[in-house]
There are 2 protein chains.
Amino acid sequence: MSDKLVARSAGGDLGGAVRCVECPLRRLDLYQPVNDTELTLIDELKRADVSYRAGEMLIAENTDDTPLFTLLRGWAIRFKTLGGGRRQILHVLLPGDFIGLQQKMSDAASHGVQALTDVHVCRFARDAVWTLHRELPSLGYGITWLSANQNSLVDDNLLSVGRRSALERVAALLVTLYARALPHDDEAATLGLRFPLTQQHIADAMGLSLVHTHRVLRQLRQRGLYELQDGGRLVLPDPKALAQMARLRWPLEMARAPLI
Amino acid sequence: MSDKLVARSAGGDLGGAVRCVECPLRRLDLYQPVNDTELTLIDELKRADVSYRAGEMLIAENTDDTPLFTLLRGWAIRFKTLGGGRRQILHVLLPGDFIGLQQKMSDAASHGVQALTDVHVCRFARDAVWTLHRELPSLGYGITWLSANQNSLVDDNLLSVGRRSALERVAALLVTLYARALPHDDEAATLGLRFPLTQQHIADAMGLSLVHTHRVLRQLRQRGLYELQDGGRLVLPDPKALAQMARLRWPLEMARAPLI
DNA sequence: CGATGTATTGACCAGCTTCAAGTAACGTGG
DNA sequence: CCACGTTACTTGAAGCTGGTCAATACATCG
């Protein structure tokens with residue numbers, strides 16, 4: 001984490017808010033282009049740049065009236081818990097992901113959002129979703145797009161957890177996260193991908209026990225398909241083989257998303 | 001199935017399209033009210049009333065450019081398949097549900113939609129999502145709402161499949177579907193809830209084998225928590241006990257949804 | 001330097017899957 | 001009207017995948 005992004009306290013506002021025009025994410029060419037009108041509206045709705053330390057909750061489970069965020073930097077998870085210390089990670093959030101939609105809409109059972117790494121987000125007021133729809137339908141459409149897209153990623157997880165073997169599950173998770181995170185990590189090609197998930201996280205994402213997750217990872221390591229280097233950097237020598245093992249298409253085609 | 005809703009052939013258009021104003025679903029008082037402008041727009045975008053027979057595919061897996069539907073009557077499933085005859089049911093669709101959003105937006109891996117019973121739907125053109133957003137932001141917002149809401153139902157399924165025991169899973173599925181479907185079945189109180197899922201469906205929804213699903217159901221039956229009567233009518237003598245068994249809140253609060 | 005979190009490994013076993021087989025209900029065509 | 005195919009349900013036996021329990025090693029951190 002570079003110092004300028006680390007807040008002094010939990011969920012603290014940063015000194016100088018970055019204008020959306022200068023948003024470093026947009027330069028990445030991963031996102032749908034926006035015109036000036038759209039950018040201005042997003043800028044107006046943006047309340048603050050906020051950062052959280054690794055481990056902090058952006059949204060606690062079972063709360064409503066939560067704010068909305070766009071994740072700018074770092075990793076986070078969406079999760080639910082059950083009695084007996086059971087936790088299910090629903091989705092891993094990466095830069096560009098929009099956070100907090102489900103909470104806002106219905107009062108269906110909610111989930112928590114926790115920072116995995118130090119994290120940097122844009123915060124929006126709760127009613128920004130409605131404002132976006134009302135003022136600029138193109139951005140409202142973008143919100144719908146993002147929601148539908150996250151939905152299909154959760155669908156994939158559900159398929160894994162429900163119908164894939166432990167080996168297939170872990171392979172699927174690794175290769176999917178690898179593909180999603182790669183564009184956000186400059187040093188991935190040389191040093192490996194910065195990968196903050198612990199074995200416990202992988203277990204909680206795939207509905208496995210910690211011990212068995214470890215055994216599966218060891219197996220993948222022995223087959224030369226997985227390596228975790230010092231500093232938590234992930235190397236997948238043969239992503240395609242992992243994808244085949246998980247019965248996933250490769251390469252994973254990723255559509256250009258809206259960034260709000 | 002009443003005769004007037006049964007089409008002559010697969011996915012056949014019905015003779016007379018029902019105007020949205022007269023839509024029988026809206027009278028149910030389960031949905032957010034709409035004004036005349038909104039109703040007119042929905043009516044314009046509506047292409048046809050269509051019905052499918054039980055078992056037919058509304059949307060085949062791995063196709064794009066699929067139409068959009070609103071489910072008016074009957075049950076359907078959203079599912080994905082994997083090699084080796086493995087299938088995961090992602091979500092059970094009931095009247096009022098909007099179908100086909102994920103397919104439209106990104107080209108992320110897609111799912112199929114299959115009718116469980118004879119089914120009656122409104123069909124919309126593919127670009128209706130954008131038109132709704134552009135012409136009437138309130139309806140665009142409704143689409144986002146529906147997407148987020150379905151998302152949180154899938155989240156619940158993922159929690160079940162990942163972290164609940166077989167007994168808890170089946171209990172959770174039964175009680176959740178019971179609560180969702182009850183308002184759509186007049187005879188539920190007297191005859192039991194019309195319930196078209198087979199044991200195989202329950203297994204595929206909860207990531208279990210058919211045999212084990214059967215054993216779990218027998219156990220629930222022996223405990224007096226579950227009964228399936230002639231004609232496939234589901235009776236849950238003590239839904240609250242099932243909910244507690246699954247560690248679900250009870251009663252399940254259901255927000256008033258938009259109907260598009 | 002102890003406390004904490006993560007990774008690692010072995011032993012044991014249970015929850016669930018797989019295989020196999022039989023029953024019942026239903027629709028179809030001869 | 002009955003033989004037959006099909007689908008759903010049912011049950012038992014065997015065994016594997018993956019869970020639980022327990023203990024060690026290692027790093028980081030205040």
# chains A, B, ... in the order shown; residues from 1 in each chain; ligands from 1
call {"tool": "interface_residues", "arguments": {"of": "chain B", "to": "chain D", "cutoff": "9 Å", "atoms": "only C-alpha atoms (C1' of nucleotides)", "output": "list in words"}}
result
Thr198, Gln199, Gln200, Val211 and His214 of chain B
call {"tool": "write_last_selection", "arguments": {"atoms": "all heavy atoms", "output": "PDB file, in the first residue's frame"}}
result
ATOM      1  N   THR B 198     -39.276 -31.865  -8.383  1.00  0.00           N
ATOM      2  CA  THR B 198     -39.032 -33.263  -8.054  1.00  0.00           C
ATOM      3  C   THR B 198     -37.863 -33.327  -7.069  1.00  0.00           C
ATOM      4  O   THR B 198     -37.178 -32.336  -6.823  1.00  0.00           O
ATOM      5  CB  THR B 198     -38.653 -34.071  -9.302  1.00  0.00           C
ATOM      6  OG1 THR B 198     -37.411 -33.573  -9.792  1.00  0.00           O
ATOM      7  CG2 THR B 198     -39.712 -33.941 -10.372  1.00  0.00           C
ATOM      8  N   GLN B 199     -37.626 -34.508  -6.539  1.00  0.00           N
ATOM      9  CA  GLN B 199     -36.479 -34.679  -5.646  1.00  0.00           C
ATOM     10  C   GLN B 199     -35.182 -34.376  -6.376  1.00  0.00           C
ATOM     11  O   GLN B 199     -34.231 -33.856  -5.792  1.00  0.00           O
ATOM     12  CB  GLN B 199     -36.467 -36.100  -5.083  1.00  0.00           C
ATOM     13  CG  GLN B 199     -37.657 -36.375  -4.181  1.00  0.00           C
ATOM     14  CD  GLN B 199     -37.634 -37.760  -3.571  1.00  0.00           C
ATOM     15  OE1 GLN B 199     -36.797 -38.595  -3.931  1.00  0.00           O
ATOM     16  NE2 GLN B 199     -38.552 -38.019  -2.664  1.00  0.00           N
ATOM     17  N   GLN B 200     -35.159 -34.704  -7.670  1.00  0.00           N
ATOM     18  CA  GLN B 200     -33.967 -34.394  -8.455  1.00  0.00           C
ATOM     19  C   GLN B 200     -33.731 -32.885  -8.524  1.00  0.00           C
ATOM     20  O   GLN B 200     -32.602 -32.412  -8.459  1.00  0.00           O
ATOM     21  CB  GLN B 200     -34.108 -34.974  -9.869  1.00  0.00           C
ATOM     22  CG  GLN B 200     -32.880 -34.757 -10.740  1.00  0.00           C
ATOM     23  CD  GLN B 200     -31.680 -35.549 -10.227  1.00  0.00           C
ATOM     24  OE1 GLN B 200     -31.689 -36.768 -10.184  1.00  0.00           O
ATOM     25  NE2 GLN B 200     -30.624 -34.834  -9.833  1.00  0.00           N
ATOM     26  N   VAL B 211     -30.241 -39.508  -4.091  1.00  0.00           N
ATOM     27  CA  VAL B 211     -30.503 -40.475  -3.033  1.00  0.00           C
ATOM     28  C   VAL B 211     -30.489 -39.810  -1.658  1.00  0.00           C
ATOM     29  O   VAL B 211     -31.374 -40.050  -0.830  1.00  0.00           O
ATOM     30  CB  VAL B 211     -29.465 -41.615  -3.073  1.00  0.00           C
ATOM     31  CG1 VAL B 211     -29.640 -42.545  -1.894  1.00  0.00           C
ATOM     32  CG2 VAL B 211     -29.591 -42.381  -4.376  1.00  0.00           C
ATOM     33  N   HIS B 214     -33.480 -37.671  -1.016  1.00  0.00           N
ATOM     34  CA  HIS B 214     -34.631 -38.479  -0.638  1.00  0.00           C
ATOM     35  C   HIS B 214     -34.598 -38.843   0.840  1.00  0.00           C
ATOM     36  O   HIS B 214     -35.594 -38.761   1.549  1.00  0.00           O
ATOM     37  CB  HIS B 214     -34.675 -39.750  -1.480  1.00  0.00           C
ATOM     38  CG  HIS B 214     -35.708 -40.717  -1.009  1.00  0.00           C
ATOM     39  ND1 HIS B 214     -35.390 -41.876  -0.356  1.00  0.00           N
ATOM     40  CD2 HIS B 214     -37.048 -40.665  -1.049  1.00  0.00           C
ATOM     41  CE1 HIS B 214     -36.493 -42.516  -0.035  1.00  0.00           C
ATOM     42  NE2 HIS B 214     -37.516 -41.811  -0.435  1.00  0.00           N
TER      43      HIS B 214
END
call {"tool": "select_by_dssp", "arguments": {"residues": "range 128-239 of chain A", "states": "strand (DSSP E)", "output": "ChimeraX atom specification"}}
result
/A:193-194,227-229,233-235
call {"tool": "residues_around", "arguments": {"residues": "Gly112 in chain A", "least_positions_apart": "5", "cutoff": "10 Å", "atoms": "only C-alpha atoms (C1' of nucleotides)", "output": "PyMOL selection string"}}
result
chain A and resi 57-63+77-81+89-90+100+103
call {"tool": "closest_atom_pairs", "arguments": {"of": "range 85-192 of chain B", "to": "range 9-16 of chain C", "cutoff": "12 Å", "atoms": "only C-alpha atoms (C1' of nucleotides)", "output": "Markdown table"}}
result
| residue | atom | partner | partner_atom | distance |
| --- | --- | --- | --- | --- |
| B:Ser165 | CA | C:DG15 | C1' | 8.8 |
| B:Ala166 | CA | C:DC16 | C1' | 8.6 |
| B:Leu167 | CA | C:DG15 | C1' | 10.9 |
call {"tool": "write_last_selection", "arguments": {"atoms": "N, CA and C atoms", "output": "mmCIF file, in the first residue's frame"}}
result
data_model
loop_
_atom_site.group_PDB
_atom_site.id
_atom_site.type_symbol
_atom_site.label_atom_id
_atom_site.label_comp_id
_atom_site.auth_asym_id
_atom_site.auth_seq_id
_atom_site.Cartn_x
_atom_site.Cartn_y
_atom_site.Cartn_z
ATOM 1 N N SER B 165 -25.696 -27.961 6.363
ATOM 2 C CA SER B 165 -25.764 -29.412 6.225
ATOM 3 C C SER B 165 -26.918 -29.761 5.287
ATOM 4 N N ALA B 166 -26.946 -31.007 4.853
ATOM 5 C CA ALA B 166 -27.986 -31.431 3.923
ATOM 6 C C ALA B 166 -29.374 -31.165 4.504
ATOM 7 N N LEU B 167 -29.553 -31.484 5.764
ATOM 8 C CA LEU B 167 -30.844 -31.277 6.404
ATOM 9 C C LEU B 167 -31.211 -29.796 6.421
#
call {"tool": "interface_residues", "arguments": {"of": "chain B", "to": "chain A", "cutoff": "6 Å", "atoms": "only C-alpha atoms", "output": "VMD selection string"}}
result
chain B and resid 88 102 105 to 106 133 to 134 137 144 to 145 148 151 158 to 159 161 to 163 207 255
call {"tool": "write_last_selection", "arguments": {"atoms": "C-alpha atoms", "output": "mmCIF file, in the first residue's frame"}}
result
data_model
loop_
_atom_site.group_PDB
_atom_site.id
_atom_site.type_symbol
_atom_site.label_atom_id
_atom_site.label_comp_id
_atom_site.auth_asym_id
_atom_site.auth_seq_id
_atom_site.Cartn_x
_atom_site.Cartn_y
_atom_site.Cartn_z
ATOM 1 C CA GLN B 88 -26.802 -26.699 -10.661
ATOM 2 C CA GLN B 102 -27.756 -11.644 -17.137
ATOM 3 C CA MET B 105 -25.619 -7.508 -20.297
ATOM 4 C CA SER B 106 -22.233 -9.096 -20.495
ATOM 5 C CA HIS B 133 -33.991 3.135 -18.603
ATOM 6 C CA ARG B 134 -34.052 5.846 -21.231
ATOM 7 C CA PRO B 137 -35.985 6.132 -15.088
ATOM 8 C CA THR B 144 -32.050 -2.603 -11.080
ATOM 9 C CA TRP B 145 -34.177 -3.444 -8.071
ATOM 10 C CA ALA B 148 -30.370 -6.803 -6.998
ATOM 11 C CA ASN B 151 -28.960 -11.446 -6.581
ATOM 12 C CA LEU B 158 -24.908 -19.998 -2.138
ATOM 13 C CA LEU B 159 -24.821 -19.773 1.644
ATOM 14 C CA VAL B 161 -24.969 -24.930 -0.594
ATOM 15 C CA GLY B 162 -21.646 -23.818 0.812
ATOM 16 C CA ARG B 163 -22.214 -23.911 4.535
ATOM 17 C CA GLY B 207 -25.783 -29.550 -4.500
ATOM 18 C CA ALA B 255 -40.277 -6.490 0.053
#
call {"tool": "atom_distance", "arguments": {"atom1": "CA of Pro24 in chain A", "atom2": "CA of His184 in chain A"}}
result
10.9 Å
call {"tool": "interface_residues", "arguments": {"of": "chain C", "to": "chain A", "cutoff": "9 Å", "atoms": "only C-alpha atoms (C1' of nucleotides)", "output": "list in words"}}
result
DT6, DA7 and DT8 of chain C
call {"tool": "write_last_selection", "arguments": {"atoms": "N, CA and C atoms (P, O5', C5', C4', C3', O3' and C1' of nucleotides)", "output": "mmCIF file, in the first residue's frame"}}
result
data_model
loop_
_atom_site.group_PDB
_atom_site.id
_atom_site.type_symbol
_atom_site.label_atom_id
_atom_site.label_comp_id
_atom_site.auth_asym_id
_atom_site.auth_seq_id
_atom_site.Cartn_x
_atom_site.Cartn_y
_atom_site.Cartn_z
ATOM 1 P P DT C 6 -5.085 -14.997 9.507
ATOM 2 O "O5'" DT C 6 -4.117 -16.054 8.837
ATOM 3 C "C5'" DT C 6 -2.881 -15.610 8.308
ATOM 4 C "C4'" DT C 6 -1.992 -16.792 8.048
ATOM 5 C "C3'" DT C 6 -2.654 -17.948 7.276
ATOM 6 O "O3'" DT C 6 -2.064 -18.003 5.985
ATOM 7 C "C1'" DT C 6 -1.290 -18.712 9.083
ATOM 8 P P DA C 7 -2.453 -19.160 4.976
ATOM 9 O "O5'" DA C 7 -1.374 -20.282 5.300
ATOM 10 C "C5'" DA C 7 0.003 -19.955 5.246
ATOM 11 C "C4'" DA C 7 0.827 -21.165 5.618
ATOM 12 C "C3'" DA C 7 0.483 -22.450 4.852
ATOM 13 O "O3'" DA C 7 1.699 -23.043 4.422
ATOM 14 C "C1'" DA C 7 0.454 -22.851 7.174
ATOM 15 P P DT C 8 1.667 -24.295 3.454
ATOM 16 O "O5'" DT C 8 1.725 -25.515 4.451
ATOM 17 C "C5'" DT C 8 2.856 -25.665 5.296
ATOM 18 C "C4'" DT C 8 2.683 -26.863 6.193
ATOM 19 C "C3'" DT C 8 2.164 -28.136 5.510
ATOM 20 O "O3'" DT C 8 3.240 -29.057 5.442
ATOM 21 C "C1'" DT C 8 1.205 -27.799 7.662
#
call {"tool": "atom_distance", "arguments": {"atom1": "CA of Phe124 in chain B", "atom2": "CA of Pro95 in chain B"}}
result
15.8 Å
call {"tool": "select_by_dssp", "arguments": {"residues": "range 143-212 of chain A", "states": "helix (DSSP H, G or I)", "output": "PyMOL selection string"}}
result
chain A and resi 143-163+166-184+188-191+199-206+210-212
call {"tool": "residues_around", "arguments": {"residues": "Thr117 in chain A", "least_positions_apart": "2", "cutoff": "9 Å", "atoms": "only C-alpha atoms (C1' of nucleotides)", "output": "list in words"}}
result
Met1, Tyr52, Arg53, Ala54, Gly55, Gly74, Trp75, Ala76, Ala115, Val119 and Pro196 of chain A
call {"tool": "write_last_selection", "arguments": {"atoms": "all heavy atoms", "output": "short mmCIF file (atom, residue, chain, number, x, y, z; two decimals), in the first residue's frame"}}
result
data_model
loop_
_atom_site.label_atom_id
_atom_site.label_comp_id
_atom_site.auth_asym_id
_atom_site.auth_seq_id
_atom_site.Cartn_x
_atom_site.Cartn_y
_atom_site.Cartn_z
N MET A 1 0.85 -1.21 0.00
CA MET A 1 0.00 0.00 0.00
C MET A 1 0.87 1.24 0.00
O MET A 1 1.73 1.42 0.84
CB MET A 1 -0.87 0.03 1.26
CG MET A 1 -2.00 -0.98 1.25
SD MET A 1 -3.20 -0.80 -0.08
CE MET A 1 -2.59 -2.03 -1.24
N TYR A 52 -9.87 2.06 3.99
CA TYR A 52 -10.03 1.14 5.12
C TYR A 52 -8.78 0.28 5.19
O TYR A 52 -8.15 -0.02 4.18
CB TYR A 52 -11.25 0.23 4.91
CG TYR A 52 -12.58 0.95 4.96
CD1 TYR A 52 -13.09 1.56 3.83
CD2 TYR A 52 -13.32 0.99 6.14
CE1 TYR A 52 -14.31 2.22 3.88
CE2 TYR A 52 -14.54 1.64 6.18
CZ TYR A 52 -15.02 2.26 5.06
OH TYR A 52 -16.24 2.90 5.10
N ARG A 53 -8.47 -0.13 6.41
CA ARG A 53 -7.33 -1.02 6.59
C ARG A 53 -7.77 -2.46 6.35
O ARG A 53 -8.96 -2.79 6.50
CB ARG A 53 -6.77 -0.91 8.02
CG ARG A 53 -6.50 0.49 8.49
CD ARG A 53 -5.51 1.19 7.58
NE ARG A 53 -4.21 0.54 7.58
CZ ARG A 53 -3.20 0.94 8.33
NH1 ARG A 53 -3.34 1.98 9.14
NH2 ARG A 53 -2.05 0.31 8.28
N ALA A 54 -6.82 -3.28 5.99
CA ALA A 54 -7.11 -4.70 5.80
C ALA A 54 -7.85 -5.25 7.02
O ALA A 54 -7.44 -5.02 8.15
CB ALA A 54 -5.81 -5.48 5.58
N GLY A 55 -8.92 -5.95 6.79
CA GLY A 55 -9.67 -6.57 7.87
C GLY A 55 -10.87 -5.76 8.33
O GLY A 55 -11.78 -6.31 8.94
N GLY A 74 -7.44 -2.25 -4.17
CA GLY A 74 -7.41 -3.26 -3.14
C GLY A 74 -8.47 -4.34 -3.37
O GLY A 74 -9.23 -4.29 -4.33
N TRP A 75 -8.49 -5.30 -2.46
CA TRP A 75 -9.42 -6.42 -2.55
C TRP A 75 -10.38 -6.41 -1.36
O TRP A 75 -10.00 -5.99 -0.27
CB TRP A 75 -8.68 -7.76 -2.52
CG TRP A 75 -7.80 -8.04 -3.70
CD1 TRP A 75 -6.95 -7.18 -4.32
CD2 TRP A 75 -7.67 -9.30 -4.37
NE1 TRP A 75 -6.31 -7.83 -5.35
CE2 TRP A 75 -6.72 -9.12 -5.40
CE3 TRP A 75 -8.26 -10.55 -4.23
CZ2 TRP A 75 -6.36 -10.16 -6.26
CZ3 TRP A 75 -7.88 -11.58 -5.08
CH2 TRP A 75 -6.95 -11.39 -6.09
N ALA A 76 -11.59 -6.88 -1.58
CA ALA A 76 -12.55 -7.00 -0.49
C ALA A 76 -13.42 -8.23 -0.73
O ALA A 76 -13.38 -8.82 -1.81
CB ALA A 76 -13.42 -5.75 -0.39
N ALA A 115 -12.75 -5.56 4.02
CA ALA A 115 -11.53 -5.31 3.26
C ALA A 115 -10.54 -6.45 3.46
O ALA A 115 -10.30 -6.86 4.59
CB ALA A 115 -10.91 -3.99 3.68
N VAL A 119 -7.65 -0.74 1.49
CA VAL A 119 -8.59 -0.56 0.40
C VAL A 119 -8.92 0.91 0.24
O VAL A 119 -8.93 1.66 1.20
CB VAL A 119 -9.87 -1.39 0.74
CG1 VAL A 119 -11.12 -0.64 0.44
CG2 VAL A 119 -9.84 -2.71 0.01
N PRO A 196 -4.13 -11.68 -1.84
CA PRO A 196 -4.28 -11.56 -0.39
C PRO A 196 -5.16 -12.61 0.26
O PRO A 196 -5.35 -12.56 1.47
CB PRO A 196 -4.91 -10.17 -0.25
CG PRO A 196 -5.71 -10.01 -1.49
CD PRO A 196 -4.98 -10.73 -2.57
#
